[in-house]
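Here is the file protein-v9.cif (mmCIF, C-alpha atoms and all ligand atoms).
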data_run
loop_
_atom_site.label_atom_id
_atom_site.label_comp_id
_atom_site.auth_asym_id
_atom_site.auth_seq_id
_atom_site.Cartn_x
_atom_site.Cartn_y
_atom_site.Cartn_z
CA MET A 1290 207.79 -50.13 102.06
CA LYS A 1291 205.58 -53.08 101.18
CA TYR A 1292 204.49 -53.14 97.52
CA VAL A 1293 207.23 -50.65 96.71
CA ASP A 1294 210.67 -52.02 97.59
CA GLU A 1295 210.25 -55.36 95.86
CA TYR A 1296 209.41 -53.51 92.65
CA ARG A 1297 212.80 -51.83 92.75
CA ASP A 1298 214.79 -55.08 92.67
CA LEU A 1299 217.92 -54.44 90.59
CA GLU A 1300 218.58 -58.05 89.71
CA LEU A 1301 215.08 -58.49 88.36
CA ALA A 1302 215.37 -55.19 86.47
CA GLY A 1303 218.50 -56.51 84.76
CA LYS A 1304 216.73 -59.74 83.78
CA LEU A 1305 213.79 -57.84 82.31
CA ALA A 1306 216.08 -55.54 80.36
CA LYS A 1307 217.94 -58.55 78.92
CA GLU A 1308 214.67 -60.14 77.87
CA ILE A 1309 213.60 -56.90 76.17
CA GLU A 1310 216.89 -56.82 74.28
CA ARG A 1311 216.49 -60.45 73.22
CA LEU A 1312 213.01 -59.88 71.80
CA CYS A 1313 213.48 -56.51 70.17
CA THR A 1314 214.44 -56.81 66.48
CA GLN A 1315 213.71 -53.27 65.29
CA ARG A 1316 213.22 -49.71 66.51
CA TRP A 1317 209.98 -49.11 68.42
CA THR A 1318 208.65 -45.90 69.96
CA ILE A 1319 206.71 -46.31 73.19
CA MET A 1320 205.03 -43.47 75.11
CA GLU A 1321 204.45 -43.58 78.85
CA VAL A 1322 201.33 -41.54 79.40
CA CYS A 1323 201.69 -40.51 83.00
CA GLY A 1324 204.07 -37.94 84.45
CA GLY A 1325 204.64 -40.16 87.48
CA GLN A 1326 205.97 -42.86 85.16
CA THR A 1327 208.20 -40.33 83.38
CA HIS A 1328 209.60 -39.48 86.80
CA THR A 1329 210.39 -43.14 87.55
CA ILE A 1330 211.99 -43.66 84.14
CA LEU A 1331 214.35 -40.72 84.59
CA GLN A 1332 214.96 -41.16 88.31
CA PHE A 1333 216.03 -44.79 87.93
CA GLY A 1334 217.78 -44.31 84.59
CA ILE A 1335 215.59 -46.92 82.93
CA GLU A 1336 216.48 -45.73 79.43
CA ASP A 1337 220.12 -46.65 80.12
CA LEU A 1338 219.10 -50.27 80.76
CA LEU A 1339 217.26 -50.59 77.46
CA PRO A 1340 218.64 -51.49 74.05
CA ALA A 1341 219.11 -48.48 71.75
CA ASN A 1342 216.21 -49.42 69.51
CA VAL A 1343 213.63 -48.94 72.25
CA ASN A 1344 212.72 -45.25 72.05
CA LEU A 1345 210.79 -43.99 75.07
CA VAL A 1346 208.85 -40.76 74.61
CA HIS A 1347 207.10 -38.96 77.41
CA GLY A 1348 203.43 -38.21 77.27
CA PRO A 1349 200.99 -35.49 78.30
CA GLY A 1350 200.10 -37.06 81.66
CA CYS A 1351 200.88 -34.21 83.98
CA PRO A 1352 197.70 -32.27 84.81
CA VAL A 1353 199.66 -29.43 86.38
CA CYS A 1354 201.65 -28.90 83.17
CA VAL A 1355 198.67 -28.91 80.87
CA THR A 1356 196.53 -26.46 82.86
CA PRO A 1357 196.29 -23.42 80.55
CA VAL A 1358 197.85 -20.15 81.69
CA SER A 1359 194.48 -18.40 81.31
CA LEU A 1360 193.03 -20.71 83.97
CA ILE A 1361 195.97 -20.06 86.31
CA ASP A 1362 195.29 -16.34 85.82
CA ARG A 1363 191.63 -16.93 86.64
CA ALA A 1364 192.67 -18.83 89.79
CA ILE A 1365 194.95 -15.99 90.84
CA ALA A 1366 192.22 -13.40 90.18
CA ILE A 1367 189.73 -15.33 92.34
CA ALA A 1368 192.32 -15.97 95.07
CA SER A 1369 193.05 -12.25 95.23
CA LEU A 1370 189.43 -11.31 95.97
CA PRO A 1371 188.58 -10.22 99.51
CA LYS A 1372 186.67 -12.78 101.57
CA VAL A 1373 188.10 -15.70 99.60
CA ILE A 1374 190.15 -18.59 100.96
CA PHE A 1375 191.75 -20.22 97.94
CA CYS A 1376 192.81 -23.87 98.37
CA SER A 1377 195.05 -25.83 96.08
CA PHE A 1378 197.35 -28.83 95.97
CA GLY A 1379 200.93 -27.73 96.62
CA ASP A 1380 202.18 -28.37 93.10
CA MET A 1381 200.00 -25.61 91.59
CA LEU A 1382 201.46 -22.81 93.70
CA ARG A 1383 204.59 -22.18 91.67
CA VAL A 1384 203.00 -22.51 88.25
CA PRO A 1385 203.33 -19.08 86.66
CA GLY A 1386 200.32 -17.26 85.29
CA SER A 1387 200.86 -14.50 82.77
CA THR A 1388 202.26 -12.17 85.44
CA VAL A 1389 202.54 -13.87 88.84
CA ASP A 1390 201.99 -17.29 90.44
CA LEU A 1391 199.72 -18.22 93.35
CA LEU A 1392 202.63 -18.03 95.77
CA GLU A 1393 203.30 -14.44 94.74
CA ALA A 1394 199.58 -13.66 95.05
CA LYS A 1395 199.79 -15.07 98.60
CA ALA A 1396 202.78 -12.86 99.36
CA ARG A 1397 200.68 -9.91 98.19
CA GLY A 1398 198.00 -10.76 100.71
CA ALA A 1399 195.72 -13.33 99.04
CA ASP A 1400 194.60 -16.10 101.41
CA VAL A 1401 196.04 -19.08 99.53
CA ARG A 1402 196.29 -22.40 101.37
CA ILE A 1403 197.77 -25.75 100.46
CA VAL A 1404 195.51 -28.67 101.22
CA TYR A 1405 196.36 -32.37 101.26
CA SER A 1406 192.84 -33.47 100.37
CA PRO A 1407 189.81 -31.69 98.86
CA LEU A 1408 187.94 -32.67 102.04
CA ASP A 1409 190.25 -30.29 103.94
CA ALA A 1410 188.86 -27.47 101.80
CA VAL A 1411 185.30 -28.50 102.68
CA LYS A 1412 186.27 -28.45 106.35
CA LEU A 1413 187.60 -24.90 105.93
CA ALA A 1414 184.31 -23.85 104.35
CA LYS A 1415 182.40 -25.30 107.28
CA GLN A 1416 184.64 -23.53 109.80
CA ASN A 1417 184.59 -20.17 107.98
CA PRO A 1418 180.96 -19.49 106.99
CA GLN A 1419 181.71 -15.80 106.41
CA MET A 1420 184.32 -16.64 103.73
CA ASP A 1421 184.06 -18.15 100.25
CA VAL A 1422 186.30 -21.21 100.08
CA VAL A 1423 187.45 -22.09 96.58
CA PHE A 1424 189.21 -25.34 95.71
CA PHE A 1425 191.34 -25.48 92.55
CA ALA A 1426 190.48 -28.95 91.24
CA VAL A 1427 193.34 -29.92 89.00
CA GLY A 1428 193.81 -33.52 87.98
CA PHE A 1429 193.08 -36.55 85.88
CA GLU A 1430 190.53 -39.30 86.51
CA THR A 1431 192.66 -40.38 89.49
CA THR A 1432 191.92 -37.17 91.38
CA ALA A 1433 188.39 -36.51 90.10
CA PRO A 1434 186.70 -38.86 92.63
CA ALA A 1435 188.28 -36.96 95.55
CA ASN A 1436 187.07 -33.68 94.05
CA ALA A 1437 183.62 -35.19 93.45
CA MET A 1438 183.38 -36.36 97.06
CA SER A 1439 184.19 -32.86 98.29
CA LEU A 1440 181.26 -31.50 96.28
CA HIS A 1441 178.95 -34.27 97.38
CA GLN A 1442 179.92 -33.61 100.99
CA ALA A 1443 179.50 -29.82 100.64
CA LYS A 1444 176.00 -30.39 99.27
CA LYS A 1445 175.15 -32.80 102.05
CA LEU A 1446 176.29 -30.24 104.62
CA ASN A 1447 174.24 -27.52 102.84
CA LEU A 1448 177.32 -25.34 102.43
CA THR A 1449 176.75 -22.27 100.29
CA ASN A 1450 180.33 -21.00 100.55
CA TYR A 1451 182.24 -23.89 98.93
CA PHE A 1452 183.26 -23.59 95.27
CA VAL A 1453 185.34 -25.65 92.89
CA LEU A 1454 187.36 -24.23 90.00
CA SER A 1455 187.68 -27.22 87.71
CA SER A 1456 190.70 -27.92 85.58
CA GLN A 1457 190.07 -31.64 85.35
CA VAL A 1458 191.25 -33.48 82.28
CA LEU A 1459 190.73 -36.96 80.84
CA VAL A 1460 193.40 -39.29 79.50
CA PRO A 1461 191.81 -41.26 76.62
CA PRO A 1462 190.92 -38.17 74.51
CA VAL A 1463 194.48 -36.84 74.71
CA CYS A 1464 195.87 -40.26 73.76
CA ALA A 1465 193.55 -40.25 70.74
CA SER A 1466 194.74 -36.76 69.88
CA VAL A 1467 198.40 -37.86 70.06
CA LEU A 1468 197.72 -40.89 67.85
CA SER A 1469 195.74 -38.98 65.26
CA SER A 1470 198.22 -36.13 64.82
CA ALA A 1471 199.86 -36.14 61.38
CA ASP A 1472 203.40 -36.55 62.72
CA ASN A 1473 202.57 -39.24 65.27
CA GLN A 1474 205.43 -41.59 66.11
CA VAL A 1475 203.92 -43.42 69.07
CA GLN A 1476 203.49 -47.16 68.43
CA ALA A 1477 202.52 -48.33 71.90
CA PHE A 1478 201.44 -46.87 75.23
CA ILE A 1479 202.44 -47.58 78.78
CA GLY A 1480 199.03 -46.77 80.25
CA PRO A 1481 198.25 -44.76 83.38
CA GLY A 1482 197.75 -47.26 86.21
CA HIS A 1483 196.17 -44.96 88.75
CA VAL A 1484 193.79 -43.40 86.23
CA CYS A 1485 192.69 -46.92 85.23
CA THR A 1486 192.19 -47.88 88.89
CA ILE A 1487 189.22 -45.54 88.69
CA THR A 1488 188.09 -45.85 85.07
CA GLY A 1489 188.87 -49.48 84.28
CA LEU A 1490 190.12 -50.65 80.91
CA ASN A 1491 187.19 -50.24 78.51
CA GLU A 1492 188.14 -46.93 76.93
CA TYR A 1493 191.68 -48.19 76.47
CA LYS A 1494 190.36 -51.24 74.63
CA ASN A 1495 188.61 -48.87 72.21
CA LEU A 1496 191.80 -46.90 71.72
CA ALA A 1497 193.87 -50.03 71.13
CA GLN A 1498 191.38 -51.28 68.55
CA THR A 1499 190.78 -48.00 66.76
CA TYR A 1500 194.42 -47.04 66.44
CA LYS A 1501 195.92 -50.54 66.44
CA VAL A 1502 198.31 -49.77 69.31
CA PRO A 1503 199.21 -52.07 72.16
CA ILE A 1504 198.51 -50.54 75.57
CA VAL A 1505 199.97 -51.93 78.76
CA VAL A 1506 198.36 -50.44 81.85
CA ALA A 1507 201.23 -50.12 84.27
CA GLY A 1508 202.31 -49.36 87.79
CA PHE A 1509 204.88 -46.79 88.76
CA GLU A 1510 207.92 -48.66 90.06
CA PRO A 1511 210.93 -49.55 87.89
CA ILE A 1512 209.93 -53.23 87.66
CA ASP A 1513 206.41 -52.23 86.61
CA ILE A 1514 207.78 -50.01 83.85
CA LEU A 1515 210.27 -52.59 82.60
CA GLU A 1516 207.71 -55.39 82.58
CA SER A 1517 205.33 -53.10 80.67
CA ILE A 1518 207.97 -52.27 78.07
CA LEU A 1519 208.55 -56.00 77.67
CA LEU A 1520 204.80 -56.58 77.21
CA CYS A 1521 204.65 -53.75 74.64
CA ILE A 1522 207.64 -55.11 72.70
CA THR A 1523 206.23 -58.65 72.72
CA GLN A 1524 203.02 -57.34 71.16
CA LEU A 1525 204.74 -55.01 68.70
CA GLU A 1526 207.05 -57.75 67.48
CA SER A 1527 204.13 -60.09 66.86
CA GLY A 1528 201.79 -57.46 65.38
CA ARG A 1529 199.26 -57.59 68.21
CA HIS A 1530 197.49 -54.61 69.77
CA GLU A 1531 195.77 -55.60 72.98
CA VAL A 1532 195.24 -53.98 76.33
CA ILE A 1533 197.25 -55.83 78.97
CA ASN A 1534 196.91 -55.07 82.65
CA GLN A 1535 200.37 -55.21 84.20
CA TYR A 1536 199.17 -53.51 87.39
CA LYS A 1537 196.76 -56.24 88.49
CA ARG A 1538 197.58 -55.76 92.14
CA VAL A 1539 195.69 -52.47 91.94
CA VAL A 1540 193.72 -52.15 88.68
CA GLU A 1541 190.56 -54.17 88.07
CA ALA A 1542 189.15 -54.41 84.54
CA GLN A 1543 185.91 -52.62 85.44
CA GLY A 1544 187.65 -49.94 87.53
CA ASN A 1545 186.19 -48.52 90.72
CA LEU A 1546 182.44 -48.60 90.17
CA THR A 1547 181.59 -46.65 93.32
CA ALA A 1548 183.82 -43.81 92.17
CA GLN A 1549 182.48 -43.91 88.60
CA LYS A 1550 178.95 -43.57 89.92
CA LEU A 1551 179.69 -40.41 91.90
CA LEU A 1552 181.73 -38.95 89.03
CA GLN A 1553 178.69 -39.29 86.79
CA GLU A 1554 176.46 -37.66 89.34
CA VAL A 1555 178.73 -34.68 89.97
CA PHE A 1556 180.54 -33.95 86.70
CA GLU A 1557 179.83 -33.51 83.01
CA VAL A 1558 182.24 -34.12 80.16
CA CYS A 1559 183.30 -30.90 78.40
CA ASP A 1560 185.87 -29.64 75.89
CA ARG A 1561 189.10 -28.46 77.50
CA GLU A 1562 192.12 -26.48 76.52
CA TRP A 1563 195.46 -28.20 77.19
CA ARG A 1564 198.52 -26.05 77.61
CA GLY A 1565 200.90 -26.90 74.76
CA LEU A 1566 198.26 -28.89 72.86
CA GLY A 1567 195.27 -26.60 72.44
CA TRP A 1568 191.57 -27.49 72.68
CA ILE A 1569 190.65 -31.16 72.71
CA GLU A 1570 187.04 -32.20 72.37
CA ASN A 1571 185.41 -33.97 75.33
CA SER A 1572 188.70 -34.06 77.18
CA GLY A 1573 187.68 -32.61 80.51
CA LEU A 1574 185.18 -32.55 83.34
CA LYS A 1575 183.12 -29.63 84.60
CA LEU A 1576 180.53 -29.45 87.34
CA GLY A 1577 177.23 -30.94 86.22
CA SER A 1578 173.81 -29.26 86.38
CA ASN A 1579 173.07 -30.47 89.94
CA TYR A 1580 176.23 -28.81 91.18
CA LYS A 1581 176.09 -25.48 89.30
CA ASP A 1582 175.84 -23.55 92.58
CA PHE A 1583 179.29 -24.79 93.54
CA ASP A 1584 180.95 -23.86 90.26
CA ALA A 1585 183.57 -21.18 90.93
CA ASP A 1586 183.72 -20.37 87.24
CA LEU A 1587 180.05 -19.36 87.28
CA HIS A 1588 179.99 -17.77 90.73
CA PHE A 1589 182.87 -15.35 90.36
CA GLU A 1590 182.71 -12.57 87.87
CA LYS A 1591 185.05 -12.98 84.95
CA THR A 1592 187.71 -10.34 84.66
CA SER A 1593 189.21 -9.63 81.29
CA LEU A 1594 192.14 -11.92 80.72
CA VAL A 1595 195.38 -11.21 78.98
CA GLU A 1596 195.86 -13.47 75.99
CA ILE A 1597 199.31 -14.90 76.32
CA SER A 1598 201.15 -17.11 73.95
CA GLU A 1599 203.83 -19.67 74.70
CA SER A 1600 207.42 -18.58 74.09
CA ALA A 1601 208.23 -19.03 70.40
CA GLU A 1602 211.20 -21.20 71.30
CA CYS A 1603 209.14 -23.65 73.33
CA ILE A 1604 208.48 -27.03 71.71
CA SER A 1605 206.48 -28.46 74.62
CA GLY A 1606 203.57 -29.24 72.28
CA GLN A 1607 205.79 -31.59 70.32
CA ILE A 1608 207.26 -33.03 73.51
CA LEU A 1609 203.77 -33.79 74.82
CA ARG A 1610 203.01 -35.61 71.56
CA GLY A 1611 206.26 -37.55 71.69
CA THR A 1612 207.80 -36.16 68.51
CA LYS A 1613 210.57 -34.20 70.25
CA LYS A 1614 212.60 -34.45 73.44
CA PRO A 1615 213.61 -31.64 75.83
CA THR A 1616 217.17 -31.84 74.57
CA ASP A 1617 215.91 -30.75 71.13
CA CYS A 1618 214.88 -27.39 72.63
CA SER A 1619 217.33 -24.50 72.34
CA ALA A 1620 216.11 -22.97 75.62
CA PHE A 1621 216.37 -26.14 77.71
CA GLY A 1622 218.39 -25.65 80.88
CA THR A 1623 219.46 -22.13 79.93
CA ARG A 1624 216.59 -19.74 79.28
CA CYS A 1625 214.11 -22.33 80.54
CA THR A 1626 214.55 -23.93 83.98
CA PRO A 1627 212.15 -25.13 86.70
CA ASP A 1628 212.64 -21.75 88.44
CA LYS A 1629 211.83 -19.81 85.28
CA PRO A 1630 209.79 -22.13 83.10
CA LEU A 1631 208.93 -21.01 79.59
CA GLY A 1632 206.55 -23.80 78.78
CA ALA A 1633 204.14 -26.50 79.88
CA THR A 1634 206.57 -29.36 80.36
CA MET A 1635 208.91 -27.42 82.67
CA VAL A 1636 206.31 -26.09 85.13
CA SER A 1637 205.76 -29.12 87.35
CA SER A 1638 208.12 -31.66 88.88
CA GLU A 1639 206.36 -34.30 86.79
CA GLY A 1640 206.82 -32.44 83.51
CA THR A 1641 209.18 -34.05 81.02
CA CYS A 1642 211.48 -31.04 80.70
CA ALA A 1643 211.63 -30.64 84.49
CA ASN A 1644 212.51 -34.32 84.88
CA TYR A 1645 215.23 -34.08 82.24
CA PHE A 1646 216.52 -30.99 84.02
CA LYS A 1647 216.60 -32.77 87.38
CA PHE A 1648 218.00 -36.13 86.35
CA LYS A 1649 219.77 -35.72 83.02
CA ARG A 1650 221.31 -32.27 83.00
CA PHE A 1651 224.72 -33.30 84.31
CA GLU A 1652 224.90 -36.30 82.07
CA LEU A 1653 224.01 -34.08 79.11
CA ASP A 1654 226.50 -31.40 80.17
CA SER A 1655 229.30 -33.93 80.25
CA THR A 1656 228.52 -35.35 76.83
CA THR A 1657 228.33 -31.97 75.15
CA SER A 1658 231.42 -30.44 76.76
CA MET B 1142 200.14 -35.51 90.51
CA CYS B 1143 198.71 -39.00 90.16
CA LEU B 1144 201.07 -40.14 92.89
CA ALA B 1145 199.37 -42.78 95.01
CA ILE B 1146 201.05 -44.82 97.70
CA PRO B 1147 200.23 -48.04 99.52
CA GLY B 1148 199.35 -47.80 103.19
CA TYR B 1149 198.15 -50.15 105.92
CA VAL B 1150 194.61 -49.75 107.29
CA GLU B 1151 194.88 -49.57 111.09
CA GLU B 1152 191.45 -48.39 112.16
CA ILE B 1153 188.12 -47.59 110.55
CA PHE B 1154 185.70 -44.94 111.83
CA GLU B 1155 183.06 -42.43 110.74
CA GLN B 1156 183.67 -38.70 110.42
CA ASP B 1157 181.10 -36.14 109.22
CA GLY B 1158 179.06 -39.01 107.83
CA LEU B 1159 181.97 -40.39 105.77
CA GLN B 1160 183.74 -43.72 106.16
CA MET B 1161 187.31 -42.93 107.11
CA ALA B 1162 190.37 -44.93 108.11
CA ARG B 1163 193.63 -44.29 109.87
CA VAL B 1164 196.24 -45.45 107.39
CA ASP B 1165 199.88 -46.06 108.22
CA PHE B 1166 202.60 -45.21 105.68
CA LEU B 1167 205.80 -46.50 107.26
CA GLY B 1168 205.00 -44.83 110.55
CA VAL B 1169 203.32 -41.73 109.14
CA LYS B 1170 199.60 -41.93 109.89
CA ARG B 1171 197.00 -40.20 107.81
CA VAL B 1172 193.25 -40.00 107.98
CA THR B 1173 192.01 -41.34 104.68
CA CYS B 1174 188.54 -41.43 103.17
CA ILE B 1175 187.53 -44.99 102.29
CA GLU B 1176 184.12 -44.26 100.79
CA TYR B 1177 185.36 -45.60 97.43
CA THR B 1178 186.67 -48.83 98.96
CA PRO B 1179 183.68 -49.93 101.05
CA ASP B 1180 185.18 -53.42 101.44
CA ALA B 1181 188.39 -52.17 103.06
CA LYS B 1182 189.12 -53.82 106.39
CA VAL B 1183 191.67 -53.34 109.12
CA GLY B 1184 194.78 -55.20 107.97
CA ASN B 1185 194.32 -54.43 104.25
CA TYR B 1186 196.73 -52.37 102.22
CA VAL B 1187 195.04 -49.59 100.28
CA LEU B 1188 196.40 -47.31 97.57
CA VAL B 1189 195.97 -43.70 98.70
CA HIS B 1190 195.82 -40.54 96.59
CA VAL B 1191 195.03 -37.03 97.97
CA GLY B 1192 193.48 -38.49 101.10
CA PHE B 1193 191.33 -41.08 99.35
CA ALA B 1194 191.77 -44.84 99.03
CA LEU B 1195 191.46 -45.67 95.31
CA ASN B 1196 191.45 -49.43 95.77
CA ILE B 1197 192.44 -52.27 98.06
CA ILE B 1198 195.73 -53.79 96.98
CA ASN B 1199 195.20 -57.36 95.91
CA GLU B 1200 197.84 -59.44 97.73
CA ASP B 1201 197.26 -62.58 95.66
CA GLU B 1202 197.74 -60.70 92.37
CA ALA B 1203 200.85 -59.05 93.73
CA LYS B 1204 202.32 -62.45 94.65
CA GLU B 1205 201.30 -63.95 91.33
CA THR B 1206 202.88 -61.15 89.28
CA TYR B 1207 206.05 -61.45 91.26
CA LYS B 1208 206.25 -65.21 90.87
CA MET B 1209 205.85 -64.83 87.10
CA LEU B 1210 208.48 -62.11 86.93
CA GLU B 1211 210.99 -64.26 88.75
CA LEU B 1212 210.69 -66.85 85.99
CA ILE B 1213 211.72 -64.37 83.31
CA GLY B 1214 215.03 -65.26 81.81
CA GLU B 1215 215.17 -68.60 83.69
CA LEU B 1216 213.95 -70.47 80.63
CA ASP B 1217 216.84 -69.21 78.51
CA SER B 1218 219.40 -70.24 81.04
CA VAL B 1219 218.19 -73.84 81.17
S1 LIG C 1 212.78 -26.65 77.85
FE1 LIG C 1 211.23 -25.05 78.32
S2 LIG C 1 211.04 -23.90 76.43
FE2 LIG C 1 212.02 -25.84 75.89
S3 LIG C 1 210.34 -27.22 75.37
FE3 LIG C 1 210.74 -27.55 77.54
S4 LIG C 1 209.28 -26.16 78.54
FE4 LIG C 1 209.41 -25.45 76.41
#

Just give me the structure of the file as structure tokens.
Amino acid sequence: MKYVDEYRDLELAGKLAKEIERLCTQRWTIMEVCGGQTHTILQFGIEDLLPANVNLVHGPGCPVCVTPVSLIDRAIAIASLPKVIFCSFGDMLRVPGSTVDLLEAKARGADVRIVYSPLDAVKLAKQNPQMDVVFFAVGFETTAPANAMSLHQAKKLNLTNYFVLSSQVLVPPVCASVLSSADNQVQAFIGPGHVCTITGLNEYKNLAQTYKVPIVVAGFEPIDILESILLCITQLESGRHEVINQYKRVVEAQGNLTAQKLLQEVFEVCDREWRGLGWIENSGLKLGSNYKDFDADLHFEKTSLVEISESAECISGQILRGTKKPTDCSAFGTRCTPDKPLGATMVSSEGTCANYFKFKRFELDSTTS
Amino acid sequence: MCLAIPGYVEEIFEQDGLQMARVDFLGVKRVTCIEYTPDAKVGNYVLVHVGFALNIINEDEAKETYKMLELIGELDSV
């Protein structure tokens, strides 16, 4: 595929890895923010190409993982109401709430549907005026414009039966929270390329300056990741902390202004709870005052929710902050697996624990046996 | 979740008042909303996420990056 295959060139990957090794004189810890990048790193075994003193830790950039269980329960409660068609991206269906997941709710008779795009949910609302259609809007800044357009479109079509349950989160506040935690080890970030396609680089420049960390906004193919590690190491070794755009073929410094404009019109910044990390100030988006009528959280009565706490064994909070790895967890691969996840980072295919389980389990088995 | 893939814009049209395109991903065609990439033209590659084009892929930047990358390591071997 054009713009994909050439960024998987093995020979070039080897050259980049050699250059990283040549430049790296001490141990550095670099966090890739986005779950998609974590997936690439584990799928292509990028850590095996790197010298031992480059320590990659895997960040909180999986919106499915960080959606709190209480919100999944709320989604399941709404989906289970009569006269509701509940729409979601496929990766939310198997995420367990405190008792069941959306798939199980569907098996019990809830009308739960997987949509490819939020506009599909709007179409369903238009075709089914007698039903309430609810879209579970999970995602980072990358996905927010699609969700915003669905709301804008529903308003334009005068739909009164389209609702959005927002679980939208923002990347810069969680990066700040990682960097300001007392046990922080992260010295540089591989930044989220698709998020920055929308937002641009400004907020990342603030982060880099405030916390004196280099940030390299990166693509998602192995060559992108390796080049970004090289650009991080070059800066770390020379004491610089700039924002570099490695993903210039897609990301422009100002971001997508058309998308930013609609985001501002439709959403408002709010505090959000992150599974594994707790509440983070100004780290999410909710429907703004012009779109209150479409807010599922306001429209549907709240049922009392069970307070649930993460399994005591689970260290996903530390994994999301880059201070621990899945292999440090005593439940990893035994009591906690993608089929029966105990914590945030195992619930989605982009979660760090799930990626370790998929790509590293056998390797780990053979070294421990 | 933030997965976005490049696709080729084959045709542009309007649907329910929105600018849409038929985008080809190695033979798989998908209707994609291009409201956020108003400059997209037939023949461009766009980066698509959940049915929306996030941006037009900049061919010149892609070539430039690649040219630079190919030089890495060459200097040491001279
Ligand atoms: S393996 Fe499971 S229990 Fe352990 S940290 Fe990861 S998600 Fe939590």

Interface rows for chain A against ligand LIG 1 (chain C): nearest pair, Å to one decimal, 6 Å, only C-alpha atoms and all ligand atoms, as JSON lines:
{"residue": "A:Glu1602", "atom": "CA", "partner": "C:LIG1", "partner_atom": "S2", "distance": 5.8}
{"residue": "A:Cys1603", "atom": "CA", "partner": "C:LIG1", "partner_atom": "FE4", "distance": 3.6}
{"residue": "A:Ile1604", "atom": "CA", "partner": "C:LIG1", "partner_atom": "S3", "distance": 4.1}
{"residue": "A:Ser1605", "atom": "CA", "partner": "C:LIG1", "partner_atom": "S3", "distance": 4.1}
{"residue": "A:Pro1615", "atom": "CA", "partner": "C:LIG1", "partner_atom": "FE3", "distance": 5.3}
{"residue": "A:Cys1618", "atom": "CA", "partner": "C:LIG1", "partner_atom": "FE2", "distance": 4.6}
{"residue": "A:Ala1620", "atom": "CA", "partner": "C:LIG1", "partner_atom": "FE2", "distance": 5.0}
{"residue": "A:Phe1621", "atom": "CA", "partner": "C:LIG1", "partner_atom": "S1", "distance": 3.6}
{"residue": "A:Cys1625", "atom": "CA", "partner": "C:LIG1", "partner_atom": "FE1", "distance": 4.5}
{"residue": "A:Pro1630", "atom": "CA", "partner": "C:LIG1", "partner_atom": "FE1", "distance": 5.8}
{"residue": "A:Leu1631", "atom": "CA", "partner": "C:LIG1", "partner_atom": "S2", "distance": 4.8}
{"residue": "A:Gly1632", "atom": "CA", "partner": "C:LIG1", "partner_atom": "S4", "distance": 3.6}
{"residue": "A:Ala1633", "atom": "CA", "partner": "C:LIG1", "partner_atom": "S4", "distance": 5.3}
{"residue": "A:Thr1634", "atom": "CA", "partner": "C:LIG1", "partner_atom": "S4", "distance": 4.6}
{"residue": "A:Met1635", "atom": "CA", "partner": "C:LIG1", "partner_atom": "S4", "distance": 4.3}
{"residue": "A:Cys1642", "atom": "CA", "partner": "C:LIG1", "partner_atom": "FE3", "distance": 4.8}

Show me the residues around (184.7, -50.8, 100.4) - criterion: an atom at most 12 Å away, all atoms listed in the file counted - as a PDB file with C-alpha atoms, in the coordinates of the input.
ATOM      1  CA  ASN A1545     186.190 -48.520  90.720  1.00  0.00           C
ATOM      2  CA  LEU A1546     182.440 -48.600  90.170  1.00  0.00           C
ATOM      3  CA  THR A1547     181.590 -46.650  93.320  1.00  0.00           C
ATOM      4  CA  ALA A1548     183.820 -43.810  92.170  1.00  0.00           C
TER       5      ALA A1548
ATOM      6  CA  ILE B1153     188.120 -47.590 110.550  1.00  0.00           C
ATOM      7  CA  GLN B1160     183.740 -43.720 106.160  1.00  0.00           C
ATOM      8  CA  MET B1161     187.310 -42.930 107.110  1.00  0.00           C
ATOM      9  CA  ALA B1162     190.370 -44.930 108.110  1.00  0.00           C
ATOM     10  CA  CYS B1174     188.540 -41.430 103.170  1.00  0.00           C
ATOM     11  CA  ILE B1175     187.530 -44.990 102.290  1.00  0.00           C
ATOM     12  CA  GLU B1176     184.120 -44.260 100.790  1.00  0.00           C
ATOM     13  CA  TYR B1177     185.360 -45.600  97.430  1.00  0.00           C
ATOM     14  CA  THR B1178     186.670 -48.830  98.960  1.00  0.00           C
ATOM     15  CA  PRO B1179     183.680 -49.930 101.050  1.00  0.00           C
ATOM     16  CA  ASP B1180     185.180 -53.420 101.440  1.00  0.00           C
ATOM     17  CA  ALA B1181     188.390 -52.170 103.060  1.00  0.00           C
ATOM     18  CA  LYS B1182     189.120 -53.820 106.390  1.00  0.00           C
ATOM     19  CA  VAL B1183     191.670 -53.340 109.120  1.00  0.00           C
ATOM     20  CA  ASN B1185     194.320 -54.430 104.250  1.00  0.00           C
ATOM     21  CA  VAL B1187     195.040 -49.590 100.280  1.00  0.00           C
ATOM     22  CA  PHE B1193     191.330 -41.080  99.350  1.00  0.00           C
ATOM     23  CA  ALA B1194     191.770 -44.840  99.030  1.00  0.00           C
ATOM     24  CA  LEU B1195     191.460 -45.670  95.310  1.00  0.00           C
ATOM     25  CA  ASN B1196     191.450 -49.430  95.770  1.00  0.00           C
ATOM     26  CA  ILE B1197     192.440 -52.270  98.060  1.00  0.00           C
ATOM     27  CA  ILE B1198     195.730 -53.790  96.980  1.00  0.00           C
TER      28      ILE B1198
END

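With all atoms listed in the file as the atoms that count, the residue of A:Val1532, A:Val1539, A:Cys1351, A:Met1381 with the shortest distance to A:Asp1513 is A:Val1539.
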
Exercise. Find the residue from B:Glu1151, B:Gln1156, B:Ala1145, B:Val1191 that sits nearest to A:Gly1482; use all atoms listed in the file when measuring.
Key: B:Ala1145
